[in-house]
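What follows is the content of input16.cif (mmCIF, N, CA and C atoms).
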```cif
data_final
#
loop_
_atom_site.group_PDB
_atom_site.id
_atom_site.type_symbol
_atom_site.label_atom_id
_atom_site.label_comp_id
_atom_site.auth_asym_id
_atom_site.auth_seq_id
_atom_site.Cartn_x
_atom_site.Cartn_y
_atom_site.Cartn_z
ATOM 1 N N MET A 1 0.847 -1.167 0.000
ATOM 2 C CA MET A 1 0.000 0.000 0.000
ATOM 3 C C MET A 1 0.894 1.232 0.000
ATOM 4 N N ARG A 2 0.566 2.155 -0.839
ATOM 5 C CA ARG A 2 1.295 3.414 -0.886
ATOM 6 C C ARG A 2 0.458 4.483 -0.229
ATOM 7 N N THR A 3 1.085 5.226 0.665
ATOM 8 C CA THR A 3 0.417 6.320 1.351
ATOM 9 C C THR A 3 1.349 7.515 1.361
ATOM 10 N N THR A 4 0.824 8.656 1.068
ATOM 11 C CA THR A 4 1.612 9.878 1.105
ATOM 12 C C THR A 4 1.124 10.711 2.275
ATOM 13 N N ILE A 5 2.060 11.122 3.113
ATOM 14 C CA ILE A 5 1.698 11.962 4.251
ATOM 15 C C ILE A 5 2.624 13.172 4.299
ATOM 16 N N ALA A 6 2.092 14.262 4.797
ATOM 17 C CA ALA A 6 2.891 15.475 5.002
ATOM 18 C C ALA A 6 3.226 15.552 6.485
ATOM 19 N N ILE A 7 4.518 15.618 6.771
ATOM 20 C CA ILE A 7 4.968 15.679 8.158
ATOM 21 C C ILE A 7 5.810 16.929 8.316
ATOM 22 N N GLY A 8 5.495 17.671 9.341
ATOM 23 C CA GLY A 8 6.246 18.886 9.608
ATOM 24 C C GLY A 8 6.434 19.082 11.100
ATOM 25 N N GLY A 9 7.086 20.142 11.440
ATOM 26 C CA GLY A 9 7.267 20.493 12.838
ATOM 27 C C GLY A 9 8.123 19.495 13.589
ATOM 28 N N VAL A 10 7.735 19.231 14.827
ATOM 29 C CA VAL A 10 8.501 18.354 15.709
ATOM 30 C C VAL A 10 8.613 16.944 15.132
ATOM 31 N N ALA A 11 7.548 16.431 14.532
ATOM 32 C CA ALA A 11 7.580 15.081 13.961
ATOM 33 C C ALA A 11 8.655 14.976 12.888
ATOM 34 N N GLU A 12 8.778 15.999 12.071
ATOM 35 C CA GLU A 12 9.796 15.994 11.020
ATOM 36 C C GLU A 12 11.201 16.025 11.621
ATOM 37 N N ILE A 13 11.388 16.813 12.668
ATOM 38 C CA ILE A 13 12.685 16.893 13.336
ATOM 39 C C ILE A 13 13.062 15.543 13.939
ATOM 40 N N ILE A 14 12.084 14.859 14.540
ATOM 41 C CA ILE A 14 12.335 13.539 15.135
ATOM 42 C C ILE A 14 12.737 12.543 14.055
ATOM 43 N N LEU A 15 12.033 12.550 12.937
ATOM 44 C CA LEU A 15 12.373 11.636 11.844
ATOM 45 C C LEU A 15 13.788 11.893 11.333
ATOM 46 N N GLU A 16 14.123 13.152 11.137
ATOM 47 C CA GLU A 16 15.456 13.499 10.642
ATOM 48 C C GLU A 16 16.536 13.085 11.642
ATOM 49 N N LYS A 17 16.263 13.257 12.932
ATOM 50 C CA LYS A 17 17.226 12.892 13.969
ATOM 51 C C LYS A 17 17.436 11.374 13.990
ATOM 52 N N ALA A 18 16.352 10.596 13.801
ATOM 53 C CA ALA A 18 16.466 9.139 13.764
ATOM 54 C C ALA A 18 17.363 8.693 12.623
ATOM 55 N N VAL A 19 17.259 9.366 11.486
ATOM 56 C CA VAL A 19 18.105 9.041 10.336
ATOM 57 C C VAL A 19 19.540 9.484 10.608
ATOM 58 N N GLU A 20 19.692 10.679 11.142
ATOM 59 C CA GLU A 20 21.014 11.232 11.429
ATOM 60 C C GLU A 20 21.799 10.349 12.406
ATOM 61 N N LEU A 21 21.111 9.797 13.407
ATOM 62 C CA LEU A 21 21.763 8.957 14.402
ATOM 63 C C LEU A 21 21.948 7.514 13.936
ATOM 64 N N GLY A 22 21.411 7.196 12.757
ATOM 65 C CA GLY A 22 21.560 5.856 12.208
ATOM 66 C C GLY A 22 20.554 4.853 12.756
ATOM 67 N N LEU A 23 19.528 5.323 13.436
ATOM 68 C CA LEU A 23 18.488 4.425 13.930
ATOM 69 C C LEU A 23 17.629 3.899 12.788
ATOM 70 N N ALA A 24 17.485 4.704 11.738
ATOM 71 C CA ALA A 24 16.702 4.323 10.565
ATOM 72 C C ALA A 24 17.470 4.755 9.323
ATOM 73 N N ARG A 25 17.297 4.001 8.236
ATOM 74 C CA ARG A 25 17.990 4.341 6.987
ATOM 75 C C ARG A 25 17.385 5.554 6.302
ATOM 76 N N SER A 26 16.064 5.745 6.515
ATOM 77 C CA SER A 26 15.376 6.860 5.879
ATOM 78 C C SER A 26 14.219 7.298 6.764
ATOM 79 N N ARG A 27 13.621 8.422 6.421
ATOM 80 C CA ARG A 27 12.450 8.876 7.184
ATOM 81 C C ARG A 27 11.301 7.885 7.036
ATOM 82 N N THR A 28 11.192 7.259 5.871
ATOM 83 C CA THR A 28 10.155 6.249 5.659
ATOM 84 C C THR A 28 10.361 5.072 6.607
ATOM 85 N N ASP A 29 11.608 4.615 6.743
ATOM 86 C CA ASP A 29 11.889 3.524 7.675
ATOM 87 C C ASP A 29 11.579 3.934 9.114
ATOM 88 N N ALA A 30 11.862 5.174 9.460
ATOM 89 C CA ALA A 30 11.570 5.659 10.813
ATOM 90 C C ALA A 30 10.066 5.648 11.075
ATOM 91 N N VAL A 31 9.277 6.009 10.072
ATOM 92 C CA VAL A 31 7.817 5.957 10.216
ATOM 93 C C VAL A 31 7.371 4.507 10.406
ATOM 94 N N ARG A 32 7.931 3.588 9.614
ATOM 95 C CA ARG A 32 7.596 2.167 9.766
ATOM 96 C C ARG A 32 7.933 1.673 11.176
ATOM 97 N N MET A 33 9.100 2.060 11.671
ATOM 98 C CA MET A 33 9.499 1.672 13.021
ATOM 99 C C MET A 33 8.497 2.198 14.045
ATOM 100 N N GLY A 34 8.026 3.413 13.833
ATOM 101 C CA GLY A 34 7.029 3.989 14.729
ATOM 102 C C GLY A 34 5.720 3.216 14.702
ATOM 103 N N ILE A 35 5.335 2.752 13.538
ATOM 104 C CA ILE A 35 4.099 1.973 13.411
ATOM 105 C C ILE A 35 4.222 0.660 14.177
ATOM 106 N N PHE A 36 5.372 -0.011 14.039
ATOM 107 C CA PHE A 36 5.574 -1.261 14.774
ATOM 108 C C PHE A 36 5.648 -1.013 16.282
ATOM 109 N N ALA A 37 6.248 0.102 16.683
ATOM 110 C CA ALA A 37 6.296 0.438 18.108
ATOM 111 C C ALA A 37 4.881 0.691 18.637
ATOM 112 N N LEU A 38 4.036 1.307 17.833
ATOM 113 C CA LEU A 38 2.639 1.535 18.219
ATOM 114 C C LEU A 38 1.920 0.209 18.430
ATOM 115 N N ASN A 39 2.169 -0.738 17.548
ATOM 116 C CA ASN A 39 1.554 -2.059 17.709
ATOM 117 C C ASN A 39 2.092 -2.767 18.952
ATOM 118 N N ASP A 40 3.392 -2.653 19.198
ATOM 119 C CA ASP A 40 3.974 -3.278 20.389
ATOM 120 C C ASP A 40 3.376 -2.687 21.666
ATOM 121 N N GLU A 41 3.154 -1.395 21.664
ATOM 122 C CA GLU A 41 2.632 -0.706 22.855
ATOM 123 C C GLU A 41 1.167 -1.037 23.126
ATOM 124 N N TYR A 42 0.348 -1.040 22.072
ATOM 125 C CA TYR A 42 -1.105 -1.172 22.254
ATOM 126 C C TYR A 42 -1.673 -2.515 21.788
ATOM 127 N N HIS A 43 -0.831 -3.402 21.289
ATOM 128 C CA HIS A 43 -1.268 -4.739 20.868
ATOM 129 C C HIS A 43 -2.472 -4.668 19.920
ATOM 130 N N LEU A 44 -2.346 -3.845 18.888
ATOM 131 C CA LEU A 44 -3.423 -3.660 17.918
ATOM 132 C C LEU A 44 -3.666 -4.936 17.117
ATOM 133 N N ILE A 45 -2.590 -5.603 16.742
ATOM 134 C CA ILE A 45 -2.686 -6.883 16.039
ATOM 135 C C ILE A 45 -1.870 -7.878 16.856
ATOM 136 N N LYS A 46 -2.557 -8.865 17.387
ATOM 137 C CA LYS A 46 -1.898 -9.817 18.296
ATOM 138 C C LYS A 46 -1.027 -10.819 17.520
ATOM 139 N N ASP A 47 -1.546 -11.378 16.439
ATOM 140 C CA ASP A 47 -0.808 -12.350 15.644
ATOM 141 C C ASP A 47 -0.743 -11.835 14.207
ATOM 142 N N ILE A 48 0.354 -11.185 13.888
ATOM 143 C CA ILE A 48 0.491 -10.520 12.588
ATOM 144 C C ILE A 48 0.389 -11.515 11.438
ATOM 145 N N GLU A 49 1.003 -12.681 11.585
ATOM 146 C CA GLU A 49 0.977 -13.677 10.510
ATOM 147 C C GLU A 49 -0.461 -14.121 10.227
ATOM 148 N N MET A 50 -1.230 -14.393 11.270
ATOM 149 C CA MET A 50 -2.625 -14.810 11.085
ATOM 150 C C MET A 50 -3.445 -13.687 10.456
ATOM 151 N N GLU A 51 -3.171 -12.466 10.807
ATOM 152 C CA GLU A 51 -3.874 -11.319 10.221
ATOM 153 C C GLU A 51 -3.595 -11.244 8.722
ATOM 154 N N LEU A 52 -2.333 -11.423 8.334
ATOM 155 C CA LEU A 52 -1.975 -11.384 6.914
ATOM 156 C C LEU A 52 -2.631 -12.521 6.144
ATOM 157 N N VAL A 53 -2.620 -13.717 6.722
ATOM 158 C CA VAL A 53 -3.244 -14.877 6.068
ATOM 159 C C VAL A 53 -4.739 -14.642 5.907
ATOM 160 N N GLY A 54 -5.390 -14.160 6.954
ATOM 161 C CA GLY A 54 -6.829 -13.899 6.898
ATOM 162 C C GLY A 54 -7.181 -12.878 5.828
ATOM 163 N N ARG A 55 -6.380 -11.816 5.735
ATOM 164 C CA ARG A 55 -6.647 -10.793 4.716
ATOM 165 C C ARG A 55 -6.444 -11.342 3.304
ATOM 166 N N LYS A 56 -5.431 -12.187 3.118
ATOM 167 C CA LYS A 56 -5.178 -12.784 1.801
ATOM 168 C C LYS A 56 -6.333 -13.704 1.406
ATOM 169 N N ILE A 57 -6.830 -14.488 2.364
ATOM 170 C CA ILE A 57 -7.961 -15.379 2.081
ATOM 171 C C ILE A 57 -9.185 -14.563 1.687
ATOM 172 N N MET A 58 -9.467 -13.485 2.410
ATOM 173 C CA MET A 58 -10.620 -12.637 2.081
ATOM 174 C C MET A 58 -10.465 -12.022 0.688
ATOM 175 N N GLN A 59 -9.250 -11.619 0.347
ATOM 176 C CA GLN A 59 -8.992 -11.056 -0.981
ATOM 177 C C GLN A 59 -9.253 -12.105 -2.066
ATOM 178 N N GLU A 60 -8.762 -13.317 -1.859
ATOM 179 C CA GLU A 60 -8.969 -14.381 -2.840
ATOM 180 C C GLU A 60 -10.445 -14.738 -2.964
ATOM 181 N N LYS A 61 -11.160 -14.797 -1.836
ATOM 182 C CA LYS A 61 -12.599 -15.079 -1.892
ATOM 183 C C LYS A 61 -13.329 -14.010 -2.693
ATOM 184 N N GLY A 62 -12.956 -12.749 -2.490
ATOM 185 C CA GLY A 62 -13.567 -11.658 -3.242
ATOM 186 C C GLY A 62 -13.323 -11.780 -4.735
ATOM 187 N N GLU A 63 -12.096 -12.131 -5.101
ATOM 188 C CA GLU A 63 -11.768 -12.302 -6.520
ATOM 189 C C GLU A 63 -12.526 -13.479 -7.118
ATOM 190 N N MET A 64 -12.622 -14.572 -6.375
ATOM 191 C CA MET A 64 -13.349 -15.743 -6.876
ATOM 192 C C MET A 64 -14.835 -15.428 -7.025
ATOM 193 N N ARG A 65 -15.387 -14.694 -6.084
ATOM 194 C CA ARG A 65 -16.806 -14.321 -6.166
ATOM 195 C C ARG A 65 -17.050 -13.440 -7.395
ATOM 196 N N ARG A 66 -16.127 -12.519 -7.642
ATOM 197 C CA ARG A 66 -16.246 -11.629 -8.798
ATOM 198 C C ARG A 66 -16.203 -12.415 -10.105
ATOM 199 N N ARG A 67 -15.402 -13.487 -10.132
ATOM 200 C CA ARG A 67 -15.270 -14.305 -11.343
ATOM 201 C C ARG A 67 -16.309 -15.418 -11.424
ATOM 202 N N GLY A 68 -17.099 -15.580 -10.364
ATOM 203 C CA GLY A 68 -18.109 -16.627 -10.355
ATOM 204 C C GLY A 68 -17.538 -18.006 -10.075
ATOM 205 N N GLN A 69 -16.372 -18.073 -9.457
ATOM 206 C CA GLN A 69 -15.739 -19.346 -9.129
ATOM 207 C C GLN A 69 -16.117 -19.753 -7.706
ATOM 208 N N LYS A 70 -15.987 -21.060 -7.413
ATOM 209 C CA LYS A 70 -16.275 -21.563 -6.076
ATOM 210 C C LYS A 70 -15.124 -22.428 -5.601
ATOM 211 N N TYR A 71 -14.942 -22.439 -4.278
ATOM 212 C CA TYR A 71 -13.951 -23.336 -3.683
ATOM 213 C C TYR A 71 -14.437 -24.772 -3.826
ATOM 214 N N ILE A 72 -13.494 -25.686 -4.025
ATOM 215 C CA ILE A 72 -13.846 -27.102 -4.066
ATOM 216 C C ILE A 72 -13.132 -27.780 -2.891
ATOM 217 N N PRO A 73 -13.725 -28.831 -2.347
ATOM 218 C CA PRO A 73 -13.096 -29.523 -1.222
ATOM 219 C C PRO A 73 -11.748 -30.127 -1.615
ATOM 220 N N GLU A 74 -10.879 -30.293 -0.640
ATOM 221 C CA GLU A 74 -9.552 -30.848 -0.886
ATOM 222 C C GLU A 74 -9.632 -32.223 -1.516
ATOM 223 N N GLU A 75 -10.574 -33.045 -1.061
ATOM 224 C CA GLU A 75 -10.718 -34.404 -1.611
ATOM 225 C C GLU A 75 -11.005 -34.364 -3.098
ATOM 226 N N VAL A 76 -11.856 -33.461 -3.513
ATOM 227 C CA VAL A 76 -12.214 -33.345 -4.933
ATOM 228 C C VAL A 76 -11.014 -32.851 -5.735
ATOM 229 N N ALA A 77 -10.302 -31.860 -5.185
ATOM 230 C CA ALA A 77 -9.167 -31.292 -5.909
ATOM 231 C C ALA A 77 -8.045 -32.310 -6.097
ATOM 232 N N LEU A 78 -7.847 -33.178 -5.119
ATOM 233 C CA LEU A 78 -6.738 -34.126 -5.179
ATOM 234 C C LEU A 78 -7.151 -35.505 -5.690
ATOM 235 N N ALA A 79 -8.423 -35.723 -5.951
ATOM 236 C CA ALA A 79 -8.926 -37.052 -6.334
ATOM 237 C C ALA A 79 -8.205 -37.625 -7.551
ATOM 238 N N LYS A 80 -7.943 -36.835 -8.566
ATOM 239 C CA LYS A 80 -7.324 -37.371 -9.774
ATOM 240 C C LYS A 80 -5.846 -37.706 -9.559
ATOM 241 N N TYR A 81 -5.248 -37.290 -8.457
ATOM 242 C CA TYR A 81 -3.852 -37.579 -8.189
ATOM 243 C C TYR A 81 -3.659 -38.776 -7.268
ATOM 244 N N ARG A 82 -4.752 -39.360 -6.811
ATOM 245 C CA ARG A 82 -4.659 -40.504 -5.885
ATOM 246 C C ARG A 82 -4.896 -41.797 -6.591
#
```

Please re-express this file's structure in structure tokens.
Amino acid sequence: MRTTIAIGGVAEIILEKAVELGLARSRTDAVRMGIFALNDEYHLIKDIEMELVGRKIMQEKGEMRRRGQKYIPEEVALAKYR
């Protein structure tokens, strides 16, 4: 996902200082680090891997619904290989 944000004032100074001190390679990396720190502090997403898998499954279901396709059971999908 691409997002463009305008950062100024104290936030901009903090980002520049993080890069200057070598904590982050770029201001973008410093923002990413801040996002992960926010998650660590408030536990917004408890299991990141499961969240990613769930979102991917929902995306695939949406695409299949749009194309008029349906999921088939594992037994049916693998039947010709047994």

Where does the PyMOL selection byres (((chain A and resi 15 and name CA) around 12) and name CA) land in this file, that is, which residues does it pick, as a PyMOL selection string?
chain A and resi 7-14+16-34

Go ahead and dump the residues you just picked, N, CA and C atoms, as a PDB file, in the coordinates of the input.
```pdb
ATOM      1  N   ILE A   7       4.518  15.618   6.771  1.00  0.00           N
ATOM      2  CA  ILE A   7       4.968  15.679   8.158  1.00  0.00           C
ATOM      3  C   ILE A   7       5.810  16.929   8.316  1.00  0.00           C
ATOM      4  N   GLY A   8       5.495  17.671   9.341  1.00  0.00           N
ATOM      5  CA  GLY A   8       6.246  18.886   9.608  1.00  0.00           C
ATOM      6  C   GLY A   8       6.434  19.082  11.100  1.00  0.00           C
ATOM      7  N   GLY A   9       7.086  20.142  11.440  1.00  0.00           N
ATOM      8  CA  GLY A   9       7.267  20.493  12.838  1.00  0.00           C
ATOM      9  C   GLY A   9       8.123  19.495  13.589  1.00  0.00           C
ATOM     10  N   VAL A  10       7.735  19.231  14.827  1.00  0.00           N
ATOM     11  CA  VAL A  10       8.501  18.354  15.709  1.00  0.00           C
ATOM     12  C   VAL A  10       8.613  16.944  15.132  1.00  0.00           C
ATOM     13  N   ALA A  11       7.548  16.431  14.532  1.00  0.00           N
ATOM     14  CA  ALA A  11       7.580  15.081  13.961  1.00  0.00           C
ATOM     15  C   ALA A  11       8.655  14.976  12.888  1.00  0.00           C
ATOM     16  N   GLU A  12       8.778  15.999  12.071  1.00  0.00           N
ATOM     17  CA  GLU A  12       9.796  15.994  11.020  1.00  0.00           C
ATOM     18  C   GLU A  12      11.201  16.025  11.621  1.00  0.00           C
ATOM     19  N   ILE A  13      11.388  16.813  12.668  1.00  0.00           N
ATOM     20  CA  ILE A  13      12.685  16.893  13.336  1.00  0.00           C
ATOM     21  C   ILE A  13      13.062  15.543  13.939  1.00  0.00           C
ATOM     22  N   ILE A  14      12.084  14.859  14.540  1.00  0.00           N
ATOM     23  CA  ILE A  14      12.335  13.539  15.135  1.00  0.00           C
ATOM     24  C   ILE A  14      12.737  12.543  14.055  1.00  0.00           C
ATOM     25  N   GLU A  16      14.123  13.152  11.137  1.00  0.00           N
ATOM     26  CA  GLU A  16      15.456  13.499  10.642  1.00  0.00           C
ATOM     27  C   GLU A  16      16.536  13.085  11.642  1.00  0.00           C
ATOM     28  N   LYS A  17      16.263  13.257  12.932  1.00  0.00           N
ATOM     29  CA  LYS A  17      17.226  12.892  13.969  1.00  0.00           C
ATOM     30  C   LYS A  17      17.436  11.374  13.990  1.00  0.00           C
ATOM     31  N   ALA A  18      16.352  10.596  13.801  1.00  0.00           N
ATOM     32  CA  ALA A  18      16.466   9.139  13.764  1.00  0.00           C
ATOM     33  C   ALA A  18      17.363   8.693  12.623  1.00  0.00           C
ATOM     34  N   VAL A  19      17.259   9.366  11.486  1.00  0.00           N
ATOM     35  CA  VAL A  19      18.105   9.041  10.336  1.00  0.00           C
ATOM     36  C   VAL A  19      19.540   9.484  10.608  1.00  0.00           C
ATOM     37  N   GLU A  20      19.692  10.679  11.142  1.00  0.00           N
ATOM     38  CA  GLU A  20      21.014  11.232  11.429  1.00  0.00           C
ATOM     39  C   GLU A  20      21.799  10.349  12.406  1.00  0.00           C
ATOM     40  N   LEU A  21      21.111   9.797  13.407  1.00  0.00           N
ATOM     41  CA  LEU A  21      21.763   8.957  14.402  1.00  0.00           C
ATOM     42  C   LEU A  21      21.948   7.514  13.936  1.00  0.00           C
ATOM     43  N   GLY A  22      21.411   7.196  12.757  1.00  0.00           N
ATOM     44  CA  GLY A  22      21.560   5.856  12.208  1.00  0.00           C
ATOM     45  C   GLY A  22      20.554   4.853  12.756  1.00  0.00           C
ATOM     46  N   LEU A  23      19.528   5.323  13.436  1.00  0.00           N
ATOM     47  CA  LEU A  23      18.488   4.425  13.930  1.00  0.00           C
ATOM     48  C   LEU A  23      17.629   3.899  12.788  1.00  0.00           C
ATOM     49  N   ALA A  24      17.485   4.704  11.738  1.00  0.00           N
ATOM     50  CA  ALA A  24      16.702   4.323  10.565  1.00  0.00           C
ATOM     51  C   ALA A  24      17.470   4.755   9.323  1.00  0.00           C
ATOM     52  N   ARG A  25      17.297   4.001   8.236  1.00  0.00           N
ATOM     53  CA  ARG A  25      17.990   4.341   6.987  1.00  0.00           C
ATOM     54  C   ARG A  25      17.385   5.554   6.302  1.00  0.00           C
ATOM     55  N   SER A  26      16.064   5.745   6.515  1.00  0.00           N
ATOM     56  CA  SER A  26      15.376   6.860   5.879  1.00  0.00           C
ATOM     57  C   SER A  26      14.219   7.298   6.764  1.00  0.00           C
ATOM     58  N   ARG A  27      13.621   8.422   6.421  1.00  0.00           N
ATOM     59  CA  ARG A  27      12.450   8.876   7.184  1.00  0.00           C
ATOM     60  C   ARG A  27      11.301   7.885   7.036  1.00  0.00           C
ATOM     61  N   THR A  28      11.192   7.259   5.871  1.00  0.00           N
ATOM     62  CA  THR A  28      10.155   6.249   5.659  1.00  0.00           C
ATOM     63  C   THR A  28      10.361   5.072   6.607  1.00  0.00           C
ATOM     64  N   ASP A  29      11.608   4.615   6.743  1.00  0.00           N
ATOM     65  CA  ASP A  29      11.889   3.524   7.675  1.00  0.00           C
ATOM     66  C   ASP A  29      11.579   3.934   9.114  1.00  0.00           C
ATOM     67  N   ALA A  30      11.862   5.174   9.460  1.00  0.00           N
ATOM     68  CA  ALA A  30      11.570   5.659  10.813  1.00  0.00           C
ATOM     69  C   ALA A  30      10.066   5.648  11.075  1.00  0.00           C
ATOM     70  N   VAL A  31       9.277   6.009  10.072  1.00  0.00           N
ATOM     71  CA  VAL A  31       7.817   5.957  10.216  1.00  0.00           C
ATOM     72  C   VAL A  31       7.371   4.507  10.406  1.00  0.00           C
ATOM     73  N   ARG A  32       7.931   3.588   9.614  1.00  0.00           N
ATOM     74  CA  ARG A  32       7.596   2.167   9.766  1.00  0.00           C
ATOM     75  C   ARG A  32       7.933   1.673  11.176  1.00  0.00           C
ATOM     76  N   MET A  33       9.100   2.060  11.671  1.00  0.00           N
ATOM     77  CA  MET A  33       9.499   1.672  13.021  1.00  0.00           C
ATOM     78  C   MET A  33       8.497   2.198  14.045  1.00  0.00           C
ATOM     79  N   GLY A  34       8.026   3.413  13.833  1.00  0.00           N
ATOM     80  CA  GLY A  34       7.029   3.989  14.729  1.00  0.00           C
ATOM     81  C   GLY A  34       5.720   3.216  14.702  1.00  0.00           C
TER      82      GLY A  34
END
```

Quick one: what's the axis-aligned box for stretch 57-60 of chain A, all listed atoms, 6 Å on every side, centre and edges in Å to one decimal, as AutoDock Vina command-line options?
```
--center_x -8.7 --center_y -13.2 --center_z -0.3 --size_x 15.8 --size_y 16.3 --size_z 17.4
```

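Atom to atom, atom CA of A:Arg66 and atom N of A:Met50 stand 25.2 Å apart.
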
For the atom pair atom CA of A:Arg65 and atom CA of A:Leu52, what is the interatomic distance in Å to one decimal place?
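For atom CA of A:Arg65 relative to atom CA of A:Leu52, the distance reads 20.0 Å.
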
Write out as a ChimeraX atom specification all residues of chain A that backbone DSSP assigns to helix (DSSP H, G or I).
/A:9-20,27-42,48-67,74-81

In Å, with one decimal, what is the gap from atom CA of A:Met64 to atom CA of A:Glu49?
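These two atoms are separated by 22.6 Å.
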